[in-house]
Amino acid sequence: MKDYINIGRIVAAFGLQGEVILKHALGKKTILKDIEAVFVEEHKGSYLPYFVESSKAKDTEETYVKLEGINTREAASRLNTKPVWLLDEDFRKLAGKTAPISLLGFQVITDEDENLGPIEEVIEQPHQVLLRISLDGKEALIPLHAESLDKIDHKKKEVHVILPDGLLDIYR
């Protein structure tokens, strides 16, 4: 099974030729250069490939995308609110190094050098980021903000955190 990474969703049709606006969390102005296809989740767990004809960055959160076979505003509108996924290797090419989503797959290491496991999801909140991991078979949310982040080691793919006393006891 291929690894897919959710990068955002289609939020609107644009123009009359079937372009869509992709709202993404890649953390920088993005054109889908060298990306052959994006995967649209039309039904839960069903990723349909759409080949990218062209794309143009609107800003750091939105990109205009023309998908092959989507040639009218009505066809584009049918994709509104649908989640968009990329293959992991394509995602790694596009994600901004400072974007929280680029931490997917990194190991979470505590200040006591305990490896809590890989980051499975990054949830962006207004004042902090939550890292979802599996801890002893249960879902655990690790807060990431100025007080809890020690360092990020991009070479080793590790996020070092200083956790509040008792936080992990909730999940164990």
# chains A, B, ... in the order shown; residues from 1 in each chain; ligands from 1

call {"tool": "select_by_dssp", "arguments": {"residues": "region 11-144 of chain A", "states": "strand (DSSP E)", "output": "compact mmCIF listing (two decimals) with C-alpha atoms, in the first residue's frame"}}
result
# COMPACT_ATOMS: atom_id res chain seq x y z
CA VAL A 11 -12.36 24.83 -1.54
CA ALA A 12 -13.84 26.28 -4.74
CA ALA A 13 -14.10 26.22 -8.50
CA PHE A 14 -12.21 29.02 -10.25
CA GLU A 19 -9.79 25.06 -12.44
CA VAL A 20 -10.09 24.52 -8.70
CA ILE A 21 -8.63 26.28 -5.67
CA LEU A 22 -6.63 23.92 -3.47
CA LYS A 23 -6.25 25.10 0.14
CA HIS A 24 -3.14 23.35 1.47
CA ALA A 37 -1.11 13.49 -10.01
CA VAL A 38 -2.98 14.49 -6.89
CA PHE A 39 -5.41 12.11 -5.23
CA VAL A 40 -8.91 13.30 -4.41
CA GLU A 41 -10.82 11.42 -1.72
CA GLU A 42 -14.26 11.35 -3.29
CA HIS A 43 -15.41 8.61 -0.88
CA SER A 46 -10.94 5.95 -1.92
CA TYR A 47 -8.16 8.02 -3.49
CA LEU A 48 -8.81 8.79 -7.15
CA PRO A 49 -5.85 10.12 -9.12
CA TYR A 50 -6.31 13.35 -11.07
CA PHE A 51 -3.48 14.32 -13.38
CA VAL A 52 -2.26 17.90 -12.97
CA GLU A 53 -2.34 19.91 -16.20
CA SER A 54 -1.13 23.14 -14.63
CA SER A 55 -0.98 25.01 -11.34
CA LYS A 56 -0.35 28.54 -10.16
CA ALA A 57 0.32 29.71 -6.60
CA GLU A 62 -3.91 28.37 -1.84
CA THR A 63 -3.00 27.18 -5.32
CA TYR A 64 -5.03 27.28 -8.53
CA VAL A 65 -4.98 23.82 -10.11
CA LYS A 66 -6.19 22.61 -13.52
CA LEU A 67 -6.92 18.88 -13.43
CA PRO A 83 -9.73 16.17 0.70
CA VAL A 84 -6.59 16.15 -1.46
CA TRP A 85 -3.71 13.75 -0.92
CA LEU A 86 -0.20 13.35 -2.34
CA LEU A 87 2.10 10.37 -2.45
CA GLN A 107 10.13 10.59 15.84
CA VAL A 108 9.01 12.36 19.04
CA ILE A 109 11.78 12.33 21.66
CA THR A 110 11.22 13.49 25.25
CA ASN A 115 11.29 7.77 21.87
CA LEU A 116 7.48 8.05 21.85
CA GLY A 117 7.15 6.97 18.20
CA PRO A 118 6.46 8.58 14.83
CA GLU A 121 -0.82 13.55 12.11
CA VAL A 122 -0.16 17.24 12.62
CA ILE A 123 -3.17 19.24 13.87
CA GLU A 124 -2.75 22.99 13.57
CA VAL A 129 0.28 22.53 17.05
CA LEU A 130 -0.77 19.08 18.24
CA LEU A 131 1.20 16.01 17.18
CA ARG A 132 -0.85 12.81 17.05
CA ILE A 133 1.11 9.67 17.86
CA SER A 134 0.24 6.13 18.96
CA LEU A 135 1.38 5.51 22.51
CA LYS A 138 -3.70 4.49 22.12
CA GLU A 139 -3.96 7.82 20.35
CA ALA A 140 -1.97 10.51 22.15
CA LEU A 141 -1.81 14.24 21.42
CA ILE A 142 1.46 16.02 22.14
CA PRO A 143 1.28 19.85 22.29
CA LEU A 144 3.97 21.69 20.35

call {"tool": "residues_around", "arguments": {"residues": "Ala75 (chain A)", "least_positions_apart": "3", "cutoff": "10 Å", "atoms": "only C-alpha atoms", "output": "PDB file with N, CA and C atoms, in the first residue's frame"}}
result
ATOM      1  N   ALA A  13     -14.401  26.204  -7.071  1.00  0.00           N
ATOM      2  CA  ALA A  13     -14.102  26.223  -8.502  1.00  0.00           C
ATOM      3  C   ALA A  13     -13.597  27.619  -8.823  1.00  0.00           C
ATOM      4  N   GLN A  17     -12.991  27.265 -16.942  1.00  0.00           N
ATOM      5  CA  GLN A  17     -12.334  26.156 -17.634  1.00  0.00           C
ATOM      6  C   GLN A  17     -12.097  24.937 -16.749  1.00  0.00           C
ATOM      7  N   GLY A  18     -12.661  24.916 -15.543  1.00  0.00           N
ATOM      8  CA  GLY A  18     -12.541  23.742 -14.688  1.00  0.00           C
ATOM      9  C   GLY A  18     -11.411  23.789 -13.685  1.00  0.00           C
ATOM     10  N   GLU A  19     -10.819  24.966 -13.468  1.00  0.00           N
ATOM     11  CA  GLU A  19      -9.785  25.057 -12.442  1.00  0.00           C
ATOM     12  C   GLU A  19     -10.418  25.004 -11.055  1.00  0.00           C
ATOM     13  N   VAL A  20      -9.643  24.553 -10.077  1.00  0.00           N
ATOM     14  CA  VAL A  20     -10.095  24.520  -8.695  1.00  0.00           C
ATOM     15  C   VAL A  20      -9.082  25.271  -7.827  1.00  0.00           C
ATOM     16  N   GLY A  69      -9.306  16.360 -17.429  1.00  0.00           N
ATOM     17  CA  GLY A  69     -10.663  15.822 -17.472  1.00  0.00           C
ATOM     18  C   GLY A  69     -11.701  16.681 -16.774  1.00  0.00           C
ATOM     19  N   ILE A  70     -11.280  17.713 -16.073  1.00  0.00           N
ATOM     20  CA  ILE A  70     -12.208  18.651 -15.423  1.00  0.00           C
ATOM     21  C   ILE A  70     -12.160  19.923 -16.266  1.00  0.00           C
ATOM     22  N   ASN A  71     -13.171  20.102 -17.135  1.00  0.00           N
ATOM     23  CA  ASN A  71     -13.116  21.181 -18.119  1.00  0.00           C
ATOM     24  C   ASN A  71     -14.216  22.227 -17.996  1.00  0.00           C
ATOM     25  N   THR A  72     -15.095  22.063 -17.011  1.00  0.00           N
ATOM     26  CA  THR A  72     -16.166  23.052 -16.826  1.00  0.00           C
ATOM     27  C   THR A  72     -16.225  23.457 -15.355  1.00  0.00           C
ATOM     28  N   ARG A  78     -18.074  20.018  -8.385  1.00  0.00           N
ATOM     29  CA  ARG A  78     -18.374  18.716  -7.774  1.00  0.00           C
ATOM     30  C   ARG A  78     -17.236  18.238  -6.855  1.00  0.00           C
ATOM     31  N   LEU A  79     -16.053  18.822  -7.014  1.00  0.00           N
ATOM     32  CA  LEU A  79     -14.918  18.434  -6.169  1.00  0.00           C
ATOM     33  C   LEU A  79     -14.787  19.297  -4.909  1.00  0.00           C
ATOM     34  N   ASN A  80     -15.653  20.307  -4.763  1.00  0.00           N
ATOM     35  CA  ASN A  80     -15.600  21.191  -3.588  1.00  0.00           C
ATOM     36  C   ASN A  80     -15.643  20.393  -2.296  1.00  0.00           C
TER      37      ASN A  80
END

call {"tool": "residues_around", "arguments": {"residues": "Glu61 (chain A)", "least_positions_apart": "4", "cutoff": "8 Å", "atoms": "only C-alpha atoms", "output": "list in words"}}
result
Lys23, His24, Ala25, Leu26, Gly27, Lys28 and Lys29 of chain A

call {"tool": "write_last_selection", "arguments": {"atoms": "C-alpha atoms", "output": "short mmCIF file (atom, residue, chain, number, x, y, z; two decimals), in the first residue's frame"}}
result
data_model
loop_
_atom_site.label_atom_id
_atom_site.label_comp_id
_atom_site.auth_asym_id
_atom_site.auth_seq_id
_atom_site.Cartn_x
_atom_site.Cartn_y
_atom_site.Cartn_z
CA LYS A 23 -6.25 25.10 0.14
CA HIS A 24 -3.14 23.35 1.47
CA ALA A 25 -0.92 23.19 4.55
CA LEU A 26 2.42 22.96 2.74
CA GLY A 27 3.64 26.16 4.40
CA LYS A 28 4.81 28.08 1.34
CA LYS A 29 3.66 29.36 -2.04
#

call {"tool": "atom_distance", "arguments": {"atom1": "CA of Asn6 (chain A)", "atom2": "CA of Leu104 (chain A)"}}
result
10.5 Å

call {"tool": "residues_around", "arguments": {"residues": "Asp153 (chain A)", "least_positions_apart": "2", "cutoff": "12 Å", "atoms": "only C-alpha atoms", "output": "PyMOL selection string"}}
result
chain A and resi 97-98+103+106-109+149-151+155-161

call {"tool": "write_last_selection", "arguments": {"atoms": "C-alpha atoms", "output": "PDB file, in the first residue's frame"}}
result
ATOM      1  CA  LYS A  97      10.840  22.856   5.783  1.00  0.00           C
ATOM      2  CA  THR A  98       9.312  25.123   8.439  1.00  0.00           C
ATOM      3  CA  LEU A 103       7.100  16.885  10.651  1.00  0.00           C
ATOM      4  CA  PHE A 106       9.457  12.332  12.507  1.00  0.00           C
ATOM      5  CA  GLN A 107      10.130  10.586  15.843  1.00  0.00           C
ATOM      6  CA  VAL A 108       9.006  12.364  19.040  1.00  0.00           C
ATOM      7  CA  ILE A 109      11.783  12.329  21.657  1.00  0.00           C
ATOM      8  CA  LEU A 149       9.584  22.422  21.750  1.00  0.00           C
ATOM      9  CA  ASP A 150      13.242  21.804  22.565  1.00  0.00           C
ATOM     10  CA  LYS A 151      14.595  21.314  19.022  1.00  0.00           C
ATOM     11  CA  LYS A 155      18.745  15.154   9.566  1.00  0.00           C
ATOM     12  CA  LYS A 156      17.698  12.520  12.119  1.00  0.00           C
ATOM     13  CA  LYS A 157      13.979  13.271  11.605  1.00  0.00           C
ATOM     14  CA  GLU A 158      13.403  13.888  15.303  1.00  0.00           C
ATOM     15  CA  VAL A 159      11.307  16.384  17.269  1.00  0.00           C
ATOM     16  CA  HIS A 160      12.655  16.867  20.805  1.00  0.00           C
ATOM     17  CA  VAL A 161      10.025  17.993  23.310  1.00  0.00           C
TER      18      VAL A 161
END

call {"tool": "closest_residue", "arguments": {"among": "A:Ile101, A:Leu94, A:Ile162, A:Ile35", "to": "Glu120 (chain A)", "atoms": "only C-alpha atoms"}}
result
A:Ile101

call {"tool": "closest_residue", "arguments": {"among": "A:Thr30, A:Glu36, A:Glu112, A:Asp136", "to": "Asp169 (chain A)", "atoms": "only C-alpha atoms"}}
result
A:Asp136

call {"tool": "select_by_dssp", "arguments": {"residues": "region 75-146 of chain A", "states": "helix (DSSP H, G or I)", "output": "ChimeraX atom specification"}}
result
/A:75-77,88-94,100-103

call {"tool": "write_last_selection", "arguments": {"atoms": "C-alpha atoms", "output": "mmCIF file, in the first residue's frame"}}
result
data_model
loop_
_atom_site.group_PDB
_atom_site.id
_atom_site.type_symbol
_atom_site.label_atom_id
_atom_site.label_comp_id
_atom_site.auth_asym_id
_atom_site.auth_seq_id
_atom_site.Cartn_x
_atom_site.Cartn_y
_atom_site.Cartn_z
ATOM 1 C CA ALA A 75 -17.328 19.605 -12.998
ATOM 2 C CA ALA A 76 -14.872 21.527 -10.808
ATOM 3 C CA SER A 77 -17.655 22.421 -8.345
ATOM 4 C CA ASP A 88 4.647 10.644 0.374
ATOM 5 C CA GLU A 89 7.597 11.180 -2.004
ATOM 6 C CA ASP A 90 5.760 14.026 -3.809
ATOM 7 C CA PHE A 91 4.758 15.548 -0.464
ATOM 8 C CA ARG A 92 8.387 15.591 0.730
ATOM 9 C CA LYS A 93 9.396 17.526 -2.423
ATOM 10 C CA LEU A 94 6.768 20.232 -1.854
ATOM 11 C CA PRO A 100 4.345 21.936 10.743
ATOM 12 C CA ILE A 101 3.039 19.328 8.275
ATOM 13 C CA SER A 102 6.638 18.578 7.237
ATOM 14 C CA LEU A 103 7.100 16.885 10.651
#

call {"tool": "closest_residue", "arguments": {"among": "A:Asp59, A:Asp34, A:Ile5, A:Gly105", "to": "His154 (chain A)", "atoms": "only C-alpha atoms"}}
result
A:Gly105

call {"tool": "closest_residue", "arguments": {"among": "A:Pro126, A:Gly8, A:Gly15, A:Pro164", "to": "Thr81 (chain A)", "atoms": "only C-alpha atoms"}}
result
A:Gly8
